[in-house]
Every structure is written in structure tokens, then in C-alpha cells.
file structure02.csv (CSV, N, CA and C atoms)
chain,number,residue,atom,x,y,z
A,1347,MET,N,-16.7,-8.0,17.8
A,1347,MET,CA,-15.4,-7.4,17.6
A,1347,MET,C,-15.5,-6.0,17.2
A,1348,SER,N,-14.8,-5.1,17.9
A,1348,SER,CA,-14.8,-3.7,17.5
A,1348,SER,C,-13.9,-3.4,16.4
A,1349,ARG,N,-14.3,-2.4,15.6
A,1349,ARG,CA,-13.5,-1.9,14.5
A,1349,ARG,C,-13.3,-0.4,14.6
A,1350,GLU,N,-12.1,0.0,14.1
A,1350,GLU,CA,-11.8,1.4,14.1
A,1350,GLU,C,-11.4,1.8,12.7
A,1351,VAL,N,-12.0,2.8,12.1
A,1351,VAL,CA,-11.7,3.2,10.8
A,1351,VAL,C,-10.5,4.2,10.9
A,1352,ILE,N,-9.6,4.0,10.0
A,1352,ILE,CA,-8.4,4.9,10.0
A,1352,ILE,C,-8.4,5.7,8.7
A,1353,SER,N,-8.3,7.0,8.8
A,1353,SER,CA,-8.1,7.8,7.6
A,1353,SER,C,-6.9,8.8,7.9
A,1354,ALA,N,-6.2,9.2,6.9
A,1354,ALA,CA,-5.0,10.0,7.1
A,1354,ALA,C,-5.0,11.1,6.1
A,1355,ASP,N,-4.5,12.3,6.6
A,1355,ASP,CA,-4.1,13.3,5.7
A,1355,ASP,C,-2.9,12.9,5.0
A,1356,GLY,N,-2.7,13.4,3.8
A,1356,GLY,CA,-1.6,13.0,3.0
A,1356,GLY,C,-1.7,11.6,2.3
A,1357,VAL,N,-2.9,11.1,2.3
A,1357,VAL,CA,-3.2,9.9,1.6
A,1357,VAL,C,-4.4,10.2,0.7
A,1358,PRO,N,-4.4,9.7,-0.5
A,1358,PRO,CA,-5.6,10.0,-1.4
A,1358,PRO,C,-6.9,9.5,-0.8
A,1359,ALA,N,-7.9,10.3,-1.0
A,1359,ALA,CA,-9.3,9.9,-0.5
A,1359,ALA,C,-9.7,8.6,-1.2
A,1360,PRO,N,-10.5,7.8,-0.5
A,1360,PRO,CA,-11.1,6.6,-1.2
A,1360,PRO,C,-11.9,7.0,-2.5
A,1361,GLY,N,-11.8,6.2,-3.5
A,1361,GLY,CA,-12.5,6.4,-4.7
A,1361,GLY,C,-13.8,5.6,-4.8
A,1362,GLY,N,-14.2,5.1,-3.7
A,1362,GLY,CA,-15.4,4.3,-3.7
A,1362,GLY,C,-15.9,4.1,-2.3
A,1363,ALA,N,-16.7,3.1,-2.1
A,1363,ALA,CA,-17.3,2.8,-0.8
A,1363,ALA,C,-16.4,1.9,0.0
A,1364,TYR,N,-15.3,2.4,0.5
A,1364,TYR,CA,-14.4,1.7,1.3
A,1364,TYR,C,-13.6,2.7,2.2
A,1365,SER,N,-13.0,2.1,3.3
A,1365,SER,CA,-12.2,2.9,4.2
A,1365,SER,C,-10.7,2.8,3.8
A,1366,GLN,N,-9.9,3.8,4.1
A,1366,GLN,CA,-8.5,3.7,3.8
A,1366,GLN,C,-7.8,2.6,4.6
A,1367,ALA,N,-8.3,2.4,5.8
A,1367,ALA,CA,-7.8,1.3,6.6
A,1367,ALA,C,-8.8,1.0,7.7
A,1368,VAL,N,-8.7,-0.2,8.3
A,1368,VAL,CA,-9.5,-0.6,9.4
A,1368,VAL,C,-8.7,-1.3,10.4
A,1369,VAL,N,-8.8,-1.0,11.7
A,1369,VAL,CA,-8.2,-1.8,12.7
A,1369,VAL,C,-9.2,-2.7,13.3
A,1370,ALA,N,-8.8,-4.0,13.4
A,1370,ALA,CA,-9.7,-5.0,14.0
A,1370,ALA,C,-8.8,-6.2,14.5
A,1371,GLY,N,-9.1,-6.7,15.6
A,1371,GLY,CA,-8.5,-8.0,16.1
A,1371,GLY,C,-6.9,-7.8,16.2
A,1372,GLY,N,-6.5,-6.7,16.6
A,1372,GLY,CA,-5.0,-6.5,16.8
A,1372,GLY,C,-4.2,-6.2,15.6
A,1373,PHE,N,-4.9,-6.0,14.4
A,1373,PHE,CA,-4.2,-5.7,13.2
A,1373,PHE,C,-4.8,-4.5,12.5
A,1374,LEU,N,-4.0,-3.8,11.7
A,1374,LEU,CA,-4.5,-2.8,10.8
A,1374,LEU,C,-4.4,-3.3,9.4
A,1375,TYR,N,-5.6,-3.2,8.7
A,1375,TYR,CA,-5.7,-3.7,7.3
A,1375,TYR,C,-5.9,-2.5,6.4
A,1376,THR,N,-5.0,-2.3,5.4
A,1376,THR,CA,-5.2,-1.2,4.5
A,1376,THR,C,-6.0,-1.6,3.3
A,1377,ALA,N,-6.7,-0.7,2.7
A,1377,ALA,CA,-7.3,-0.9,1.4
A,1377,ALA,C,-6.2,-1.0,0.3
A,1378,GLY,N,-6.5,-1.6,-0.8
A,1378,GLY,CA,-5.6,-1.5,-1.9
A,1378,GLY,C,-5.3,-0.1,-2.2
A,1379,THR,N,-4.0,0.3,-2.3
A,1379,THR,CA,-3.6,1.7,-2.4
A,1379,THR,C,-2.8,1.8,-3.7
A,1380,GLY,N,-3.2,2.8,-4.5
A,1380,GLY,CA,-2.6,3.0,-5.8
A,1380,GLY,C,-1.6,4.2,-5.8
A,1381,PRO,N,-1.0,4.5,-6.9
A,1381,PRO,CA,0.0,5.5,-7.0
A,1381,PRO,C,-0.6,6.9,-7.3
A,1382,HIS,N,-1.5,7.3,-6.5
A,1382,HIS,CA,-2.2,8.6,-6.7
A,1382,HIS,C,-1.6,9.7,-5.8
A,1383,ASP,N,-1.4,10.9,-6.4
A,1383,ASP,CA,-1.0,12.0,-5.6
A,1383,ASP,C,-2.1,12.4,-4.6
A,1384,PRO,N,-1.7,12.6,-3.3
A,1384,PRO,CA,-2.8,12.8,-2.3
A,1384,PRO,C,-3.5,14.1,-2.5
A,1385,VAL,N,-2.9,15.1,-3.2
A,1385,VAL,CA,-3.5,16.4,-3.4
A,1385,VAL,C,-4.4,16.4,-4.6
A,1386,THR,N,-3.8,16.0,-5.8
A,1386,THR,CA,-4.5,16.1,-7.0
A,1386,THR,C,-5.4,14.8,-7.3
A,1387,GLY,N,-5.0,13.7,-6.7
A,1387,GLY,CA,-5.7,12.5,-7.0
A,1387,GLY,C,-5.3,11.8,-8.3
A,1388,GLU,N,-4.3,12.5,-9.0
A,1388,GLU,CA,-3.8,11.9,-10.3
A,1388,GLU,C,-2.8,10.8,-10.1
A,1389,VAL,N,-2.7,9.9,-11.0
A,1389,VAL,CA,-1.7,8.8,-11.0
A,1389,VAL,C,-0.3,9.5,-11.2
A,1390,VAL,N,0.6,9.1,-10.3
A,1390,VAL,CA,2.0,9.7,-10.4
A,1390,VAL,C,2.9,8.8,-11.2
A,1391,GLY,N,3.5,9.3,-12.2
A,1391,GLY,CA,4.5,8.5,-13.0
A,1391,GLY,C,3.9,7.6,-14.0
A,1392,ASP,N,4.7,7.2,-15.0
A,1392,ASP,CA,4.3,6.3,-16.0
A,1392,ASP,C,5.1,5.0,-16.1
A,1393,ASP,N,5.9,4.8,-15.0
A,1393,ASP,CA,6.7,3.6,-14.9
A,1393,ASP,C,6.5,2.9,-13.6
A,1394,VAL,N,6.7,1.6,-13.4
A,1394,VAL,CA,6.3,0.9,-12.2
A,1394,VAL,C,7.2,1.4,-11.0
A,1395,ALA,N,8.4,1.7,-11.3
A,1395,ALA,CA,9.3,2.1,-10.1
A,1395,ALA,C,8.8,3.4,-9.5
A,1396,THR,N,8.5,4.4,-10.3
A,1396,THR,CA,7.9,5.7,-9.8
A,1396,THR,C,6.6,5.4,-9.1
A,1397,GLN,N,5.7,4.6,-9.7
A,1397,GLN,CA,4.4,4.4,-9.1
A,1397,GLN,C,4.6,3.6,-7.8
A,1398,THR,N,5.5,2.6,-7.8
A,1398,THR,CA,5.7,1.9,-6.5
A,1398,THR,C,6.2,2.8,-5.4
A,1399,ARG,N,7.1,3.7,-5.7
A,1399,ARG,CA,7.5,4.7,-4.7
A,1399,ARG,C,6.3,5.5,-4.1
A,1400,GLN,N,5.4,5.9,-5.0
A,1400,GLN,CA,4.3,6.7,-4.6
A,1400,GLN,C,3.3,5.9,-3.8
A,1401,VAL,N,3.1,4.6,-4.2
A,1401,VAL,CA,2.2,3.7,-3.4
A,1401,VAL,C,2.8,3.5,-2.0
A,1402,LEU,N,4.1,3.2,-1.9
A,1402,LEU,CA,4.7,3.0,-0.6
A,1402,LEU,C,4.7,4.3,0.2
A,1403,GLY,N,4.8,5.4,-0.4
A,1403,GLY,CA,4.7,6.7,0.4
A,1403,GLY,C,3.3,6.9,0.9
A,1404,ASN,N,2.3,6.5,0.1
A,1404,ASN,CA,0.9,6.6,0.6
A,1404,ASN,C,0.6,5.7,1.7
A,1405,LEU,N,1.1,4.4,1.6
A,1405,LEU,CA,1.0,3.5,2.7
A,1405,LEU,C,1.7,3.8,3.9
A,1406,ARG,N,2.9,4.4,3.8
A,1406,ARG,CA,3.7,4.8,4.9
A,1406,ARG,C,2.9,5.9,5.7
A,1407,ALA,N,2.3,6.8,5.0
A,1407,ALA,CA,1.5,7.9,5.7
A,1407,ALA,C,0.3,7.3,6.4
A,1408,LEU,N,-0.3,6.3,5.8
A,1408,LEU,CA,-1.5,5.6,6.4
A,1408,LEU,C,-1.1,4.9,7.6
A,1409,LEU,N,0.0,4.1,7.6
A,1409,LEU,CA,0.4,3.4,8.8
A,1409,LEU,C,0.8,4.4,9.9
A,1410,ALA,N,1.4,5.5,9.5
A,1410,ALA,CA,1.9,6.5,10.5
A,1410,ALA,C,0.7,7.1,11.2
A,1411,ALA,N,-0.5,7.1,10.6
A,1411,ALA,CA,-1.7,7.7,11.2
A,1411,ALA,C,-2.1,6.9,12.5
A,1412,ARG,N,-1.6,5.7,12.5
A,1412,ARG,CA,-1.9,4.8,13.7
A,1412,ARG,C,-0.6,4.5,14.5
A,1413,GLY,N,0.4,5.3,14.2
A,1413,GLY,CA,1.7,5.1,14.9
A,1413,GLY,C,2.5,3.9,14.5
A,1414,LEU,N,2.3,3.4,13.3
A,1414,LEU,CA,3.0,2.2,12.8
A,1414,LEU,C,3.9,2.6,11.6
A,1415,ASP,N,4.8,1.7,11.2
A,1415,ASP,CA,5.6,1.8,10.1
A,1415,ASP,C,5.8,0.5,9.4
A,1416,PHE,N,6.7,0.4,8.4
A,1416,PHE,CA,6.8,-0.8,7.6
A,1416,PHE,C,7.4,-2.0,8.5
A,1417,SER,N,8.0,-1.7,9.6
A,1417,SER,CA,8.5,-2.8,10.4
A,1417,SER,C,7.4,-3.5,11.1
A,1418,ASP,N,6.2,-2.9,11.1
A,1418,ASP,CA,5.0,-3.6,11.7
A,1418,ASP,C,4.2,-4.4,10.7
A,1419,VAL,N,4.5,-4.3,9.5
A,1419,VAL,CA,3.8,-5.0,8.4
A,1419,VAL,C,4.1,-6.5,8.4
A,1420,VAL,N,3.1,-7.3,8.4
A,1420,VAL,CA,3.3,-8.8,8.4
A,1420,VAL,C,2.8,-9.5,7.1
A,1421,LYS,N,2.0,-8.8,6.3
A,1421,LYS,CA,1.5,-9.4,5.1
A,1421,LYS,C,1.3,-8.3,4.1
A,1422,VAL,N,1.7,-8.5,2.8
A,1422,VAL,CA,1.6,-7.6,1.7
A,1422,VAL,C,1.0,-8.3,0.5
A,1423,THR,N,0.0,-7.7,-0.1
A,1423,THR,CA,-0.5,-8.2,-1.4
A,1423,THR,C,-0.3,-7.1,-2.4
A,1424,VAL,N,0.3,-7.6,-3.6
A,1424,VAL,CA,0.7,-6.6,-4.6
A,1424,VAL,C,0.0,-7.1,-5.9
A,1425,HIS,N,-0.6,-6.1,-6.6
A,1425,HIS,CA,-1.1,-6.3,-7.9
A,1425,HIS,C,-0.3,-5.5,-8.9
A,1426,LEU,N,0.2,-6.2,-10.0
A,1426,LEU,CA,0.9,-5.5,-11.0
A,1426,LEU,C,0.1,-5.7,-12.3
A,1427,ALA,N,0.0,-4.6,-13.1
A,1427,ALA,CA,-0.7,-4.7,-14.4
A,1427,ALA,C,0.0,-5.6,-15.4
A,1428,ASP,N,1.3,-5.6,-15.3
A,1428,ASP,CA,2.1,-6.5,-16.2
A,1428,ASP,C,3.2,-7.2,-15.4
A,1429,LEU,N,2.8,-8.3,-14.8
A,1429,LEU,CA,3.7,-9.0,-13.9
A,1429,LEU,C,5.1,-9.3,-14.5
A,1430,GLY,N,5.1,-9.8,-15.8
A,1430,GLY,CA,6.3,-10.2,-16.4
A,1430,GLY,C,7.2,-9.1,-16.7
A,1431,ARG,N,6.7,-8.0,-17.2
A,1431,ARG,CA,7.5,-6.8,-17.5
A,1431,ARG,C,7.9,-6.0,-16.3
A,1432,ASP,N,7.1,-5.9,-15.3
A,1432,ASP,CA,7.3,-4.9,-14.2
A,1432,ASP,C,7.8,-5.5,-12.9
A,1433,TYR,N,7.9,-6.8,-12.7
A,1433,TYR,CA,8.2,-7.4,-11.4
A,1433,TYR,C,9.6,-7.0,-10.9
A,1434,GLU,N,10.6,-7.1,-11.7
A,1434,GLU,CA,12.0,-6.7,-11.2
A,1434,GLU,C,12.1,-5.3,-10.8
A,1435,ALA,N,11.6,-4.4,-11.5
A,1435,ALA,CA,11.7,-2.9,-11.2
A,1435,ALA,C,10.8,-2.7,-9.9
A,1436,TYR,N,9.6,-3.2,-9.8
A,1436,TYR,CA,8.8,-3.0,-8.6
A,1436,TYR,C,9.5,-3.6,-7.4
A,1437,ASN,N,10.0,-4.9,-7.6
A,1437,ASN,CA,10.7,-5.6,-6.5
A,1437,ASN,C,11.9,-4.8,-5.9
A,1438,ALA,N,12.7,-4.2,-6.8
A,1438,ALA,CA,13.8,-3.4,-6.4
A,1438,ALA,C,13.4,-2.2,-5.5
A,1439,VAL,N,12.4,-1.5,-5.9
A,1439,VAL,CA,11.9,-0.4,-5.0
A,1439,VAL,C,11.3,-1.0,-3.7
A,1440,TYR,N,10.5,-2.0,-3.8
A,1440,TYR,CA,9.9,-2.6,-2.6
A,1440,TYR,C,11.0,-3.0,-1.6
A,1441,GLU,N,12.0,-3.8,-2.1
A,1441,GLU,CA,13.0,-4.3,-1.3
A,1441,GLU,C,13.8,-3.2,-0.6
A,1442,SER,N,14.0,-2.1,-1.2
A,1442,SER,CA,14.8,-1.0,-0.6
A,1442,SER,C,14.0,-0.2,0.4
A,1443,ALA,N,12.7,-0.3,0.3
A,1443,ALA,CA,11.8,0.4,1.3
A,1443,ALA,C,11.4,-0.4,2.5
A,1444,MET,N,11.2,-1.7,2.3
A,1444,MET,CA,10.6,-2.5,3.4
A,1444,MET,C,11.6,-2.9,4.5
A,1445,ALA,N,11.1,-3.0,5.7
A,1445,ALA,CA,12.0,-3.4,6.8
A,1445,ALA,C,12.2,-4.9,6.7
A,1446,ARG,N,13.4,-5.4,7.2
A,1446,ARG,CA,13.7,-6.8,7.3
A,1446,ARG,C,13.4,-7.2,8.7
A,1447,PRO,N,13.0,-8.4,9.0
A,1447,PRO,CA,12.7,-9.4,8.0
A,1447,PRO,C,11.4,-9.0,7.2
A,1448,PHE,N,11.5,-9.3,5.9
A,1448,PHE,CA,10.4,-8.9,5.1
A,1448,PHE,C,9.1,-9.6,5.5
A,1449,PRO,N,7.9,-8.9,5.3
A,1449,PRO,CA,6.7,-9.6,5.6
A,1449,PRO,C,6.4,-10.7,4.5
A,1450,ALA,N,5.4,-11.5,4.9
A,1450,ALA,CA,4.9,-12.4,3.9
A,1450,ALA,C,4.3,-11.6,2.7
A,1451,ARG,N,4.4,-12.1,1.5
A,1451,ARG,CA,3.9,-11.3,0.4
A,1451,ARG,C,3.4,-12.2,-0.7
A,1452,THR,N,2.3,-11.7,-1.4
A,1452,THR,CA,1.8,-12.3,-2.6
A,1452,THR,C,1.8,-11.3,-3.7
A,1453,THR,N,2.3,-11.6,-4.8
A,1453,THR,CA,2.4,-10.7,-6.0
A,1453,THR,C,1.7,-11.4,-7.1
A,1454,VAL,N,0.7,-10.7,-7.7
A,1454,VAL,CA,-0.1,-11.3,-8.8
A,1454,VAL,C,-0.2,-10.2,-9.9
A,1455,GLY,N,-0.5,-10.8,-11.1
A,1455,GLY,CA,-0.9,-9.9,-12.2
A,1455,GLY,C,-2.4,-9.6,-12.2
A,1456,SER,N,-2.7,-8.4,-12.4
A,1456,SER,CA,-4.1,-8.0,-12.3
A,1456,SER,C,-4.5,-6.9,-13.4
A,1457,THR,N,-5.7,-6.9,-13.7
A,1457,THR,CA,-6.2,-5.8,-14.6
A,1457,THR,C,-6.4,-4.6,-13.7
A,1458,LEU,N,-5.6,-3.5,-13.9
A,1458,LEU,CA,-5.7,-2.3,-13.1
A,1458,LEU,C,-6.2,-1.1,-14.0
A,1459,ASP,N,-6.9,-0.3,-13.4
A,1459,ASP,CA,-7.5,0.9,-14.1
A,1459,ASP,C,-6.5,2.0,-14.1
A,1460,HIS,N,-5.8,2.3,-15.2
A,1460,HIS,CA,-4.9,3.4,-15.4
A,1460,HIS,C,-3.7,3.5,-14.4
A,1461,LYS,N,-3.3,2.4,-13.9
A,1461,LYS,CA,-2.1,2.3,-13.0
A,1461,LYS,C,-1.4,1.0,-13.2
A,1462,LEU,N,-0.2,1.0,-12.8
A,1462,LEU,CA,0.7,-0.2,-13.0
A,1462,LEU,C,0.8,-1.1,-11.7
A,1463,VAL,N,0.5,-0.5,-10.5
A,1463,VAL,CA,0.7,-1.2,-9.3
A,1463,VAL,C,-0.3,-0.8,-8.2
A,1464,GLU,N,-0.8,-1.7,-7.4
A,1464,GLU,CA,-1.6,-1.5,-6.3
A,1464,GLU,C,-1.2,-2.4,-5.2
A,1465,ILE,N,-1.1,-1.9,-3.9
A,1465,ILE,CA,-0.6,-2.7,-2.8
A,1465,ILE,C,-1.6,-2.5,-1.6
A,1466,ASP,N,-1.8,-3.6,-0.9
A,1466,ASP,CA,-2.4,-3.5,0.4
A,1466,ASP,C,-1.6,-4.2,1.4
A,1467,MET,N,-1.7,-3.8,2.7
A,1467,MET,CA,-0.9,-4.3,3.7
A,1467,MET,C,-1.7,-4.7,5.0
A,1468,VAL,N,-1.2,-5.6,5.8
A,1468,VAL,CA,-1.7,-5.9,7.1
A,1468,VAL,C,-0.5,-5.7,8.1
A,1469,ALA,N,-0.8,-4.9,9.1
A,1469,ALA,CA,0.2,-4.6,10.1
A,1469,ALA,C,-0.3,-5.0,11.5
A,1470,VAL,N,0.6,-5.5,12.3
A,1470,VAL,CA,0.2,-5.8,13.7
A,1470,VAL,C,0.4,-4.6,14.5
A,1471,LEU,N,-0.6,-4.4,15.4
A,1471,LEU,CA,-0.6,-3.2,16.2
A,1471,LEU,C,0.5,-3.3,17.3
A,1472,ARG,N,1.0,-2.2,17.7
A,1472,ARG,CA,2.0,-2.2,18.8
A,1472,ARG,C,1.2,-2.2,20.1
A,1473,ASP,N,1.8,-2.9,21.1
A,1473,ASP,CA,1.2,-2.9,22.5
A,1473,ASP,C,1.2,-1.6,23.1

call {"tool": "encode", "arguments": {"input": "structure02.csv", "output": "C-alpha cells"}}
result
Amino acid sequence: MSREVISADGVPAPGGAYSQAVVAGGFLYTAGTGPHDPVTGEVVGDDVATQTRQVLGNLRALLAARGLDFSDVVKVTVHLADLGRDYEAYNAVYESAMARPFPARTTVGSTLDHKLVEIDMVAVLRD
């Protein structure tokens, strides 16, 4: 199976040994993406709503690098640093940004380094 590495301007550079996204088998898989400013690399905001908007903006730019948008997303995995405290605020931002019908989604509580939310997505490629 062939793989295509996707990287995009306007998306924070990887902070480790991983690609921003990979295309394989008819899908685009993003790495877990945090609320980092693409220019400074700093975490944006100190509340989950602000951070979720930044994460979704970063993911929007990454999908666009391959001609995709949120309507192409079929699966989302979300990590929240404090699931009980932040779920409602995160979900309100997510719901307003994502295309209907909503993709399948898993949301879990996780230990995150200096951020409140991290999201990865799987999108189906367009013909």
C-alpha cells in the first residue's frame, strides 16, 4: 500500500517523530493536533472553548492541504484533560464547527501536556 505524507503551512510543525497527516487506503489520517499557534508554537488560550477553536482551525488547514474539509471527516478521536469539567464547552464548539451528519466520535479523558484538548481525525478522500 502506498502512503502520502501531508504537511501544511498554517499548521504547527510536528513536535516529535510523526507526520502531520498521512494518506493511505483512500483515507487521510491526521496526527493528534493540539491548540498551538502555527507561527509561535505556543498553546492558544487557557479555556477549552478557545483551545478547541484553535485545534479545529489547525485541522481545517491540514484537511484543506489535501482538498478536504470537515464534511469529509468520518471519525474523530478527542482527548480532554478534564473530561467532566470541559466536555460541555468543548462539545458546543465542536458541534457548531462540524458538518452534519456528524462523524463517528470517541471522547476520552487523558493526561495532556500543557493543553486541555487534542483531536485527531480520519477523512475519506474525494474521488

call {"tool": "residues_around", "arguments": {"input": "structure02.csv", "residues": "stretch 1376-1388 of chain A", "least_positions_apart": "3", "cutoff": "8 Å", "atoms": "all atoms listed in the file", "output": "PyMOL selection string"}}
result
chain A and resi 1355-1359+1364-1369+1373+1391+1396-1402+1404-1405+1408+1423+1461-1469

call {"tool": "select_by_dssp", "arguments": {"input": "structure02.csv", "residues": "stretch 1348-1472 of chain A", "states": "alpha helix (DSSP H)", "output": "number ranges by chain"}}
result
A: 1394-1410, 1429-1443

call {"tool": "residues_around", "arguments": {"input": "structure02.csv", "residues": "A:Thr1453", "least_positions_apart": "5", "cutoff": "9 Å", "atoms": "only C-alpha atoms", "output": "PyMOL selection string"}}
result
chain A and resi 1422-1426+1429+1433

call {"tool": "write_last_selection", "arguments": {"input": "structure02.csv", "atoms": "N, CA and C atoms", "output": "short mmCIF file (atom, residue, chain, number, x, y, z; two decimals), in the coordinates of the input"}}
result
data_model
loop_
_atom_site.label_atom_id
_atom_site.label_comp_id
_atom_site.auth_asym_id
_atom_site.auth_seq_id
_atom_site.Cartn_x
_atom_site.Cartn_y
_atom_site.Cartn_z
N VAL A 1422 1.70 -8.50 2.80
CA VAL A 1422 1.60 -7.60 1.70
C VAL A 1422 1.00 -8.30 0.50
N THR A 1423 0.00 -7.70 -0.10
CA THR A 1423 -0.50 -8.20 -1.40
C THR A 1423 -0.30 -7.10 -2.40
N VAL A 1424 0.30 -7.60 -3.60
CA VAL A 1424 0.70 -6.60 -4.60
C VAL A 1424 0.00 -7.10 -5.90
N HIS A 1425 -0.60 -6.10 -6.60
CA HIS A 1425 -1.10 -6.30 -7.90
C HIS A 1425 -0.30 -5.50 -8.90
N LEU A 1426 0.20 -6.20 -10.00
CA LEU A 1426 0.90 -5.50 -11.00
C LEU A 1426 0.10 -5.70 -12.30
N LEU A 1429 2.80 -8.30 -14.80
CA LEU A 1429 3.70 -9.00 -13.90
C LEU A 1429 5.10 -9.30 -14.50
N TYR A 1433 7.90 -6.80 -12.70
CA TYR A 1433 8.20 -7.40 -11.40
C TYR A 1433 9.60 -7.00 -10.90
#

call {"tool": "select_by_dssp", "arguments": {"input": "structure02.csv", "residues": "stretch 1360-1399 of chain A", "states": "strand (DSSP E or B)", "output": "ChimeraX atom specification"}}
result
/A:1367-1370,1373-1376,1379,1382,1389

call {"tool": "closest_residue", "arguments": {"input": "structure02.csv", "among": "A:Ala1354, A:Val1470, A:Val1419, A:Ala1395", "to": "A:Tyr1440", "atoms": "only N, CA and C atoms"}}
result
A:Ala1395

call {"tool": "atom_distance", "arguments": {"input": "structure02.csv", "atom1": "atom N of A:Arg1431", "atom2": "atom C of A:Arg1406"}}
result
27.1 Å

call {"tool": "atom_distance", "arguments": {"input": "structure02.csv", "atom1": "atom CA of A:Arg1412", "atom2": "atom CA of A:Ala1363"}}
result
21.2 Å

call {"tool": "atom_distance", "arguments": {"input": "structure02.csv", "atom1": "atom CA of A:Val1390", "atom2": "atom C of A:Asp1428"}}
result
17.7 Å

call {"tool": "closest_residue", "arguments": {"input": "structure02.csv", "among": "A:Asp1392, A:Met1347, A:Asp1418, A:Ala1411", "to": "A:Leu1471", "atoms": "all atoms listed in the file"}}
result
A:Asp1418

call {"tool": "axis_aligned_box", "arguments": {"input": "structure02.csv", "around": "stretch 1421-1432 of chain A", "padding_each_side": "4 Å", "output": "JSON"}}
result
{"center_x": 3.4, "center_y": -7.4, "center_z": -5.6, "size_x": 17.0, "size_y": 13.6, "size_z": 31.8}

call {"tool": "closest_residue", "arguments": {"input": "structure02.csv", "among": "A:His1460, A:Asp1473, A:Gly1430, A:Asp1415", "to": "A:Ala1445", "atoms": "all atoms listed in the file"}}
result
A:Asp1415

call {"tool": "closest_residue", "arguments": {"input": "structure02.csv", "among": "A:Ser1417, A:Arg1349, A:Phe1448, A:Gly1455", "to": "A:Gly1372", "atoms": "only C-alpha atoms"}}
result
A:Arg1349

call {"tool": "decode", "arguments": {"input": "structure02.csv", "residues": "stretch 1374-1394 of chain A", "atoms": "N, CA and C atoms", "output": "CSV table (one decimal), in the first residue's frame"}}
result
chain,number,residue,atom,x,y,z
A,1374,LEU,N,-7.5,10.0,4.8
A,1374,LEU,CA,-6.5,10.8,5.3
A,1374,LEU,C,-6.6,10.7,6.8
A,1375,TYR,N,-5.4,10.4,7.5
A,1375,TYR,CA,-5.4,10.2,8.9
A,1375,TYR,C,-4.5,11.4,9.5
A,1376,THR,N,-5.1,12.2,10.4
A,1376,THR,CA,-4.3,13.2,11.0
A,1376,THR,C,-3.6,12.7,12.3
A,1377,ALA,N,-2.5,13.4,12.6
A,1377,ALA,CA,-1.9,13.2,13.9
A,1377,ALA,C,-2.8,13.9,15.0
A,1378,GLY,N,-2.6,13.5,16.2
A,1378,GLY,CA,-3.3,14.3,17.3
A,1378,GLY,C,-2.8,15.7,17.2
A,1379,THR,N,-3.8,16.6,17.1
A,1379,THR,CA,-3.5,18.0,16.9
A,1379,THR,C,-3.9,18.8,18.1
A,1380,GLY,N,-3.0,19.7,18.6
A,1380,GLY,CA,-3.3,20.5,19.8
A,1380,GLY,C,-3.6,21.9,19.4
A,1381,PRO,N,-3.8,22.7,20.5
A,1381,PRO,CA,-4.2,24.1,20.3
A,1381,PRO,C,-3.0,25.1,20.2
A,1382,HIS,N,-2.1,24.7,19.3
A,1382,HIS,CA,-0.9,25.5,19.2
A,1382,HIS,C,-1.0,26.5,18.0
A,1383,ASP,N,-0.5,27.7,18.3
A,1383,ASP,CA,-0.4,28.8,17.2
A,1383,ASP,C,0.6,28.3,16.2
A,1384,PRO,N,0.2,28.3,14.9
A,1384,PRO,CA,1.1,27.8,13.9
A,1384,PRO,C,2.4,28.6,13.7
A,1385,VAL,N,2.4,29.9,14.1
A,1385,VAL,CA,3.6,30.7,14.0
A,1385,VAL,C,4.5,30.6,15.2
A,1386,THR,N,3.9,30.7,16.4
A,1386,THR,CA,4.7,30.8,17.6
A,1386,THR,C,4.9,29.4,18.2
A,1387,GLY,N,4.0,28.5,17.9
A,1387,GLY,CA,4.1,27.2,18.6
A,1387,GLY,C,3.5,27.1,20.0
A,1388,GLU,N,3.1,28.3,20.5
A,1388,GLU,CA,2.6,28.4,21.8
A,1388,GLU,C,1.1,27.9,21.9
A,1389,VAL,N,0.7,27.4,23.0
A,1389,VAL,CA,-0.7,27.0,23.3
A,1389,VAL,C,-1.5,28.2,23.3
A,1390,VAL,N,-2.6,28.2,22.6
A,1390,VAL,CA,-3.5,29.4,22.5
A,1390,VAL,C,-4.7,29.2,23.5
A,1391,GLY,N,-4.9,30.2,24.3
A,1391,GLY,CA,-6.0,30.2,25.3
A,1391,GLY,C,-5.8,29.4,26.5
A,1392,ASP,N,-6.6,29.7,27.5
A,1392,ASP,CA,-6.5,28.9,28.8
A,1392,ASP,C,-7.8,28.3,29.2
A,1393,ASP,N,-8.8,28.3,28.2
A,1393,ASP,CA,-10.0,27.6,28.4
A,1393,ASP,C,-10.3,26.6,27.3
A,1394,VAL,N,-11.1,25.6,27.5
A,1394,VAL,CA,-11.2,24.5,26.5
A,1394,VAL,C,-12.0,25.0,25.2
